[in-house]
Number of protein chains: 2
Amino acid sequence: MSELPAQEPLVKEIPPKGADLSAWYTAVCLKAELVSYAPVRGCIVLRPHGFGLWENLQKELDARIKATGHENAYFPLLIPESLLNREAEHVEGFAPEVAWVTQGGQEKLEERLAIRPTSEVIIGVMYAKWIQSHRDLPVLINQWANIVRWEKATRPFLRTMEFLWQEGHTAHATAEEARTETEQMLGVYRDFAENVAAVPVYAGLKSASERFPGALETYSIEALMPDGKALQSATSHDLGQNFSRTYGIKFTDVDQQIKLAYTTSWGMSWRMLGAVIMVHGDDRGLQIPPKLAPIEAVIVPIVKGAETAPLEKARELAKTLRAVGFRIRVDERDRSPGFKYSDWEMRGVPVRIEIGPRDLAAGSVSLVRRDKQKGEDGSRVTAGFDAVAATLREQLDAVQDSLYARAKAFLESHTFAPADRATFFEQCKNRAGMIDIPWCNRPACETDVKNQTSATTRVMRELQQPGARCVACGEPAVVNAYFAQSY
Amino acid sequence: MSELPAQEPLVKEIPPKGADLSAWYTAVCLKAELVSYAPVRGCIVLRPHGFGLWENLQKELDARIKATGHENAYFPLLIPESLLNREAEHVEGFAPEVAWVTQGGQEKLEERLAIRPTSEVIIGVMYAKWIQSHRDLPVLINQWANIVRWEKATRPFLRTMEFLWQEGHTAHATAEEARTETEQMLGVYRDFAENVAAVPVYAGLKSASERFPGALETYSIEALMPDGKALQSATSHDLGQNFSRTYGIKFTDVDQQIKLAYTTSWGMSWRMLGAVIMVHGDDRGLQIPPKLAPIEAVIVPIVKGAETAPLEKARELAKTLRAVGFRIRVDERDRSPGFKYSDWEMRGVPVRIEIGPRDLAAGSVSLVRRDKQKGEDGSRVTAGFDAVAATLREQLDAVQDSLYARAKAFLESHTFAPADRATFFEQCKNRAGMIDIPWCNRPACETDVKNQTSATTRVMRELQQPGARCVACGEPAVVNAYFAQSY
């Protein structure tokens, strides 16, 4: 996918998704008013319709983070260079991406301040101060924050210089607890991706080359995009004692011994929204899963001349539906119904409710599903006034389920298990999808595959056939791994 | 109030509030674990108990901002210097406080980037791009964001280099609409301060010297602290056409003429929490108004030896109360009830629920209000198991009301209307409170008062006695103004 031009293009038509995913993606993000280009290199503005998606992601994910015992907090944006430099592997990983503050007001700073590229360092320093005893553990904290990483390329949501995310940071008394936490949060991300974003994923351990700088192990969830590339959608890191050793996170244990704590970190960013857009959208534009939709249903009154009854009914219905918790918009613009239908389809609103004079006379409304084609079975249902809420609930659930089922079918039909090396390399090179093989877990083998095909391991799981050999190199296999090219 | 030392002190005891408000404030903020000092000059960490306050502020204020028709969005953190420099008055006001990014990765930037000290500039540039026609107006957008202003002094919540806030930015077709919006949001802030934070305020127009750089008019809400100083708790600015002229926010009106839009901006930051802490706290520590309290009630099971019945009942009760929406904590720590009582009082939890073996036998629990002294009438009530939710609701409402009533009585008893110049100057100098006088609205008079007493005008309202003369200088009065020293 190509870099965005500095000047925002005026999008008149959305090009077909199948012809050029990159052009389609940029056009949809702009035309649906999810984002706008900012006059700062690499930055986007999240417009209200886009921010509405982010708010729903936040609401759903935050509830899951709290339900697993975490609390939110807020740590500083700026990190002194000397602190960042203490963890060698970590700083080596992030230094090329750091934006540096060197001047405050009229004053030239003695020490540069990094804008956080992630917060392990500043949070590690605070945990070292807060944690003294085993009674202080575990510490289970999450933060919603903005992050800056100096990137050349810009693709809305997928890669931007500044982005929004949440980052969880926990400290534990034992290695086992930290590992359990890391795996629990991977499960939370998977649950969110599949059950809220309707994006099926493969979840598992990353290979050494894909590990977070400073981590013992990194887990991730990986979604498959329509062009056959994988999108890493969230990560969860077991940091072992690496950060607690560097930043001095120690505690007196029950046995009176002073020990280093075990820490974890885990994050999901607005990148997840990029997956939602690419996975579900079609030639008509966005398709937003109902659970993330800022507008679950739009009501379009069909008004002719000076008639006001359909509009009044639309407003009344909106009030009724909002009162039971639905997110509803009434489109009162001075535009034709046809224009409005296309406009809201393009913006991905899951259900449209039409109210015309004939509907009024019949005491009913029509509900039209965004995920079906015009005329397709079940694309349009009629509901009596008293049954609109119940019917809307059914339709929204049906859209949520069908988007997931469709994406799941795509993932499954684009997951391959080649038996021989030639097929494996060819599938990797051609972006066939997720290529699942018994693998040797050797960096040299991974590098070889990458150099020849651009594909890398996405996640690993237990070896499925004991005794199998690595399909890529013929050495003994120790795991199964999904290979794919990736964003 | 003095600047915080760089090293965080260990707080063993909270000093009396009346003796030294500054020492009390710092001690309470640290001991209640609202904040912690960060290893970055001028920055604080908002710990979970402090962030819980912020989350409730956000939830309540965000609902009010949305109910008045605004949507949330997100704009970039970094602003190119050339854009910031375009609005001369604005940049002059903020330049001394800007943190500058001059390096990205290994690259030295050609143009410096400011970390936003406020977002009028970047939002103005985007509005110029988005707004073409009167059909695009009004634009009603709010942003929750972090802000950096290079400050020397640090006082938790009141003055920090980085802080969290919301900033609303709107654009309108007419001057009247913009003025109505500015006043509406002032009303929203007043409603929030009084009905959620239980902090009574004076609301009104600022004098010219206290205006936001670049604004036509600034309104604010002002609360009175226990030391007789005012705390500006939120502001709302009518920017007229100043920013739309500089950044080119133009639209084609109904009459086909191209016109400049009228814009507003308005903000409340975590500073409001500083007012909550200072206004309501006492010698025992924090008192949090129930509507902002992260924990509305703490349940303390009184367990002796191996007995588990009170703890089990506490857990069951917590479950029941959470199911109907209360924010509840069960204190299961291995500590004496007395320790727990003091600890939660210090943290400001509005109601404590005690469950001991005798309560269990009687089928009831005790509810103890934080806002009353031990033994005071109504400080402790008993409720049968089935009546706990209803009784807790009553007690929380009573605490909310009593905190407000107490603060209101303080404000009223510390508002003075001196008739003569000597008394006026003396009251200003002595920090008697809010000093209300008929005023000439002349900068020279204000400067004179400030030089002699350190007090400034806080807000103005209509002249209450037509024909009155300015109490400060004897010239004809045109408004009534509240004078006070301020944070």
# chains A, B, ... in the order shown; residues from 1 in each chain; ligands from 1

$ select_by_dssp --residues "stretch 100-193 of chain B" --states "strand (DSSP E or B)" --output "MDAnalysis selection string"
chainID B and resid 100:104 107:115 133 139:148 155 159 162:172

$ residues_around --residues "A:Val188" --least-positions-apart "5" --cutoff "9 Å" --atoms "only C-alpha atoms" --output "MDAnalysis selection string"
chainID A and resid 61 64:65 68 183 193

$ interface_residues --of "chain A" --to "chain B" --cutoff "7 Å" --atoms "only C-alpha atoms" --output "list in words"
Val40, Cys43, Ile44, Val45, Leu46, Arg47, Pro48, Phe51, Glu71, Asn72, Ala73, Tyr74, Phe75, Pro76, Ile79, Pro80, Ala95, Pro96, Glu97, Val98, Ala99, Trp100, Val101, Thr102, Gln103, Gly104, Gly105, Gln106 and Trp150 of chain A

$ residues_around --residues "B:Gln400" --least-positions-apart "6" --cutoff "12 Å" --atoms "only C-alpha atoms" --output "list in words"
Glu194, Asn195, Val196, Ala197, Ala198, Val199, His280, Gln287, Ile288, Pro289, Pro290, Lys291, Leu292, Ala293, Glu296, Val349, Pro350, Val351, Arg369, Arg370, Asp371, Arg393, Glu394, Arg406 and Ala407 of chain B

$ residues_around --residues "B:Tyr482" --least-positions-apart "4" --cutoff "7 Å" --atoms "only C-alpha atoms" --output "ChimeraX atom specification"
/B:434-437,457-460

$ closest_residue --among "A:Trp270, A:Phe192, A:Phe251, A:Phe212" --to "A:Pro156" --atoms "only C-alpha atoms"
A:Trp270

$ residues_around --residues "B:Lys250" --least-positions-apart "3" --cutoff "8 Å" --atoms "only C-alpha atoms" --output "PyMOL selection string"
chain B and resi 128+131-132+244+258-261

$ atom_distance --atom1 "atom CA of B:Asp420" --atom2 "atom CA of B:Gly474"
9.6 Å

$ residues_around --residues "B:Ile295" --least-positions-apart "4" --cutoff "7 Å" --atoms "only C-alpha atoms" --output "compact mmCIF listing (two decimals) with C-alpha atoms, in the first residue's frame"
# COMPACT_ATOMS: atom_id res chain seq x y z
CA ARG B 327 -19.05 1.48 42.60
CA ILE B 328 -18.06 -0.76 45.53
CA ARG B 329 -14.80 -1.98 47.05
CA VAL B 349 -14.71 7.37 50.11

$ atom_distance --atom1 "atom CA of B:Glu89" --atom2 "atom CA of B:Gly124"
15.1 Å

$ residues_around --residues "A:Gln166" --least-positions-apart "5" --cutoff "6 Å" --atoms "only C-alpha atoms" --output "PyMOL selection string"
chain A and resi 143-144+267-268

$ atom_distance --atom1 "atom CA of A:Val121" --atom2 "atom CA of B:Leu158"
25.9 Å

$ select_by_dssp --residues "stretch 205-436 of chain B" --states "alpha helix (DSSP H)" --output "ChimeraX atom specification"
/B:242-247,271-280,309-323,337-346,357-362,388-413,421-429
